[in-house]
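Chemist: Below are the structure tokens for one structure; questions will follow.
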Amino acid sequence: MAFHHKDLLGIRDLSVAEITTILDTAETFKRVSSHSIKKAPSLRGRTVINLFFEPSTRTRTSFEIAAKRLSADAINISASTSSLSKGESLADTARNLEAMLPDVIVIRHSSAGAPHQLARICRTPVINAGDGAHEHPTQALLDALTIREHKGQIEGLEVAIIGDIAHSRVARSNVHLLTKLGANVRVAGPPTLIPQGFERLAEGRIGNVSVTSIEEALKGADVVMMLRVQLEREASAYFPSLREYSCFYGLTVKRLELAKSDVIVLHPGPVNRGVEVASDIVDGPYSVIYEQVTNGVAVRMAVLYLITGGSVINVQQELAGA
């Protein structure tokens with residue numbers, strides 16, 4: 001199946017079949033990263049612009065690596081080195097980049113809706129690499145790939161998402177994706193950091209969302225996803241102190257015993273060790289945090305490939321002939 005959207009702006013707009021296509025394609029591309037020469041010819045001659053207006057290590061680097069492993073040219077632009085620092089509007093920046101005829105624009109921005117604005121202006125495909133507290137679609141896709149690899153399927157799983165829900169685009173994208181694929185999501189965190197009516201995000205889906213205590217969220221969970229306290233968005237103003245946050249909402253080995261014996265622990269990073277997750281869990285046997293990073297490259301390869309017109313069948317043929 002081909003990917004029939006011009007842009008990837010969020011998970012909300014994707015069908016189950018489209019999500020599955022991206023995950024299947026990512027599994028195929030993941031094999032490229034295990035080769036001694038980590039290259040596929042799929043996007044040779046194409047140009048990918050990474051336009052990042054927020055700090056990023058994993059997302060920006062993995063998009064760059066993904067483009068280069070597909071033999072594309074990757075151009076990185078940050079806010080400090082762009083003309084926005086001289087007063088140029090985002091719309092004019094987009095028009096100027098469009099005039100250089102790139103093949104894909106990847107954007108991360110602190111304002112919700114910024115990728116949608118670019119997508120309306122540009123004929124070039126736009127990929128949302130995180131916009132404010134709205135969505136982060138490729139993070140949810142790499143999380144889903146990691147879960148599927150360990151659990152075989154997503155339908156029927158009990159998933160706990162714990163932490164700073166209010167500021168988390170990761171939580172929103174994961175709720176859209178996981179409930180579409182039939183998982184039940186339990187959300188927990190400080191009441192001040194859980195938006196009212198958050199459970200309604202899953203209305204009409206196979207799976208559901210419930211807001212509960214951390215203990216109830218963890219009880220019998222197949223998957224635990226811990227979220228970072230987003231200090232740069234002043235999340236600390238919503239609870240007394242980091243010490244109290246850690247005491248009441250941090251994941252410890254003792255708390256993790258409430259989950260199933262084969263539970264896996266995810267975190268989108270960067271991890272505040274000792275705040276949302278204890279170090280012995282990050283480095284312990286239940287953690288798949290670094291596998292998420294590995295899968296991030298494969299997922300972003302898949303998205304870049306599919307959004308430029310590729311298909312699962314074509315990529316299998318290309319790699320077989322490479």
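By order in the structure tokens, chains are A, B, ...; within a chain, residues start at 1; ligands start at 1, following the order shown.
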What are the closest atom pairs, with distances in Å to one decimal, for each residue of region 148-188 of chain A lying within 12 Å of region 100-110 of chain A, using only C-alpha atoms, rows by chain and rising residue number, as CSV?
Modeler:
residue,atom,partner,partner_atom,distance
A:His167,CA,A:Ser110,CA,11.0
A:Ser168,CA,A:Ser110,CA,11.8
A:Arg169,CA,A:Ser110,CA,10.7
Chemist: With N, CA, C and O atoms retained, write the just-selected residues as a PDB file, in the first residue's frame.
Modeler:
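Heads up, here's the output in selection_18.pdb:
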ATOM      1  N   HIS A 167       1.430  19.055  28.711  1.00  0.00           N
ATOM      2  CA  HIS A 167       2.375  19.656  27.783  1.00  0.00           C
ATOM      3  C   HIS A 167       2.923  18.655  26.765  1.00  0.00           C
ATOM      4  O   HIS A 167       3.843  18.983  26.013  1.00  0.00           O
ATOM      5  N   SER A 168       2.376  17.443  26.763  1.00  0.00           N
ATOM      6  CA  SER A 168       2.995  16.357  25.998  1.00  0.00           C
ATOM      7  C   SER A 168       2.323  16.096  24.658  1.00  0.00           C
ATOM      8  O   SER A 168       1.229  15.536  24.588  1.00  0.00           O
ATOM      9  N   ARG A 169       3.004  16.464  23.577  1.00  0.00           N
ATOM     10  CA  ARG A 169       2.552  16.084  22.241  1.00  0.00           C
ATOM     11  C   ARG A 169       2.725  14.589  22.028  1.00  0.00           C
ATOM     12  O   ARG A 169       2.005  13.978  21.242  1.00  0.00           O
TER      13      ARG A 169
END
Chemist: Any idea what's packed within 6 Å of region 274-289 of chain A, counting only C-alpha atoms, ignoring anything in its chain fewer than 6 positions away? Could you give it as a count of residues only?
Modeler: 8
Chemist: Per residue of region 138-253 of chain A within 10 Å of region 294-301 of chain A, what are the shortest atom pair and its distance in Å to one decimal, counting only C-alpha atoms, with rows by chain and residue number, as a Markdown table?
Modeler:
| residue | atom | partner | partner_atom | distance |
| --- | --- | --- | --- | --- |
| A:Thr138 | CA | A:Arg300 | CA | 6.8 |
| A:Gln139 | CA | A:Gly296 | CA | 7.2 |
| A:Ala140 | CA | A:Gly296 | CA | 9.7 |
| A:Leu141 | CA | A:Val299 | CA | 6.8 |
| A:Leu142 | CA | A:Gly296 | CA | 5.2 |
| A:Asp143 | CA | A:Asn295 | CA | 8.1 |
| A:Ala144 | CA | A:Asn295 | CA | 9.6 |
| A:Leu145 | CA | A:Asn295 | CA | 7.0 |
| A:Thr146 | CA | A:Asn295 | CA | 6.8 |
Chemist: Run DSSP on the backbone and give me the residues of region 166-315 of chain A it puts in strand (DSSP E), as a ChimeraX atom specification.
Modeler: /A:184-188,209-211,223-226,264-266
Chemist: What's around Ser173 (chain A) at 7 Å? Count only C-alpha atoms, leave out sequence neighbours fewer than 4 positions away in its own chain, and write the answer as a ChimeraX atom specification.
Modeler: /A:11,135-137,140,169,177
Chemist: Could you write out the selected residues, including all heavy atoms, as a compact mmCIF listing (two decimals), in the first residue's frame?
Modeler:
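And here is the file that came out, result_39.txt:
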# COMPACT_ATOMS: atom_id res chain seq x y z
N ILE A 11 -1.13 12.00 13.85
CA ILE A 11 -1.67 10.64 13.81
C ILE A 11 -3.18 10.67 13.64
O ILE A 11 -3.76 9.75 13.05
CB ILE A 11 -1.30 9.89 15.12
CG1 ILE A 11 0.22 9.74 15.24
CG2 ILE A 11 -1.98 8.53 15.16
CD1 ILE A 11 0.88 8.91 14.17
N GLU A 135 1.05 17.60 18.56
CA GLU A 135 1.33 16.22 18.15
C GLU A 135 2.81 16.02 17.84
O GLU A 135 3.55 16.98 17.59
CB GLU A 135 0.49 15.82 16.93
CG GLU A 135 -0.92 15.37 17.28
CD GLU A 135 -1.40 14.22 16.39
OE1 GLU A 135 -0.68 13.19 16.31
OE2 GLU A 135 -2.49 14.34 15.81
N HIS A 136 3.22 14.76 17.88
CA HIS A 136 4.57 14.34 17.50
C HIS A 136 4.41 12.97 16.83
O HIS A 136 4.71 11.93 17.42
CB HIS A 136 5.45 14.25 18.74
CG HIS A 136 6.92 14.13 18.46
ND1 HIS A 136 7.43 13.91 17.20
CD2 HIS A 136 8.00 14.20 19.29
CE1 HIS A 136 8.75 13.85 17.27
NE2 HIS A 136 9.12 14.03 18.52
N PRO A 137 3.93 12.95 15.58
CA PRO A 137 3.52 11.68 14.97
C PRO A 137 4.62 10.64 14.83
O PRO A 137 4.37 9.45 15.03
CB PRO A 137 2.97 12.12 13.60
CG PRO A 137 3.52 13.48 13.36
CD PRO A 137 3.66 14.11 14.70
N ALA A 140 5.20 8.72 18.08
CA ALA A 140 4.18 7.70 18.34
C ALA A 140 4.38 6.48 17.45
O ALA A 140 4.19 5.33 17.90
CB ALA A 140 2.78 8.28 18.12
N ARG A 169 3.00 16.46 23.58
CA ARG A 169 2.55 16.08 22.24
C ARG A 169 2.72 14.59 22.03
O ARG A 169 2.00 13.98 21.24
CB ARG A 169 3.32 16.89 21.19
CG ARG A 169 4.84 16.83 21.33
CD ARG A 169 5.50 17.97 20.57
NE ARG A 169 6.93 18.02 20.79
CZ ARG A 169 7.64 19.14 20.68
NH1 ARG A 169 7.07 20.29 20.40
NH2 ARG A 169 8.94 19.13 20.86
N LEU A 177 -2.88 6.97 18.25
CA LEU A 177 -2.39 5.77 17.56
C LEU A 177 -2.78 4.49 18.30
O LEU A 177 -3.33 3.56 17.70
CB LEU A 177 -0.87 5.84 17.40
CG LEU A 177 -0.23 4.77 16.50
CD1 LEU A 177 1.06 5.29 15.88
CD2 LEU A 177 0.06 3.48 17.26
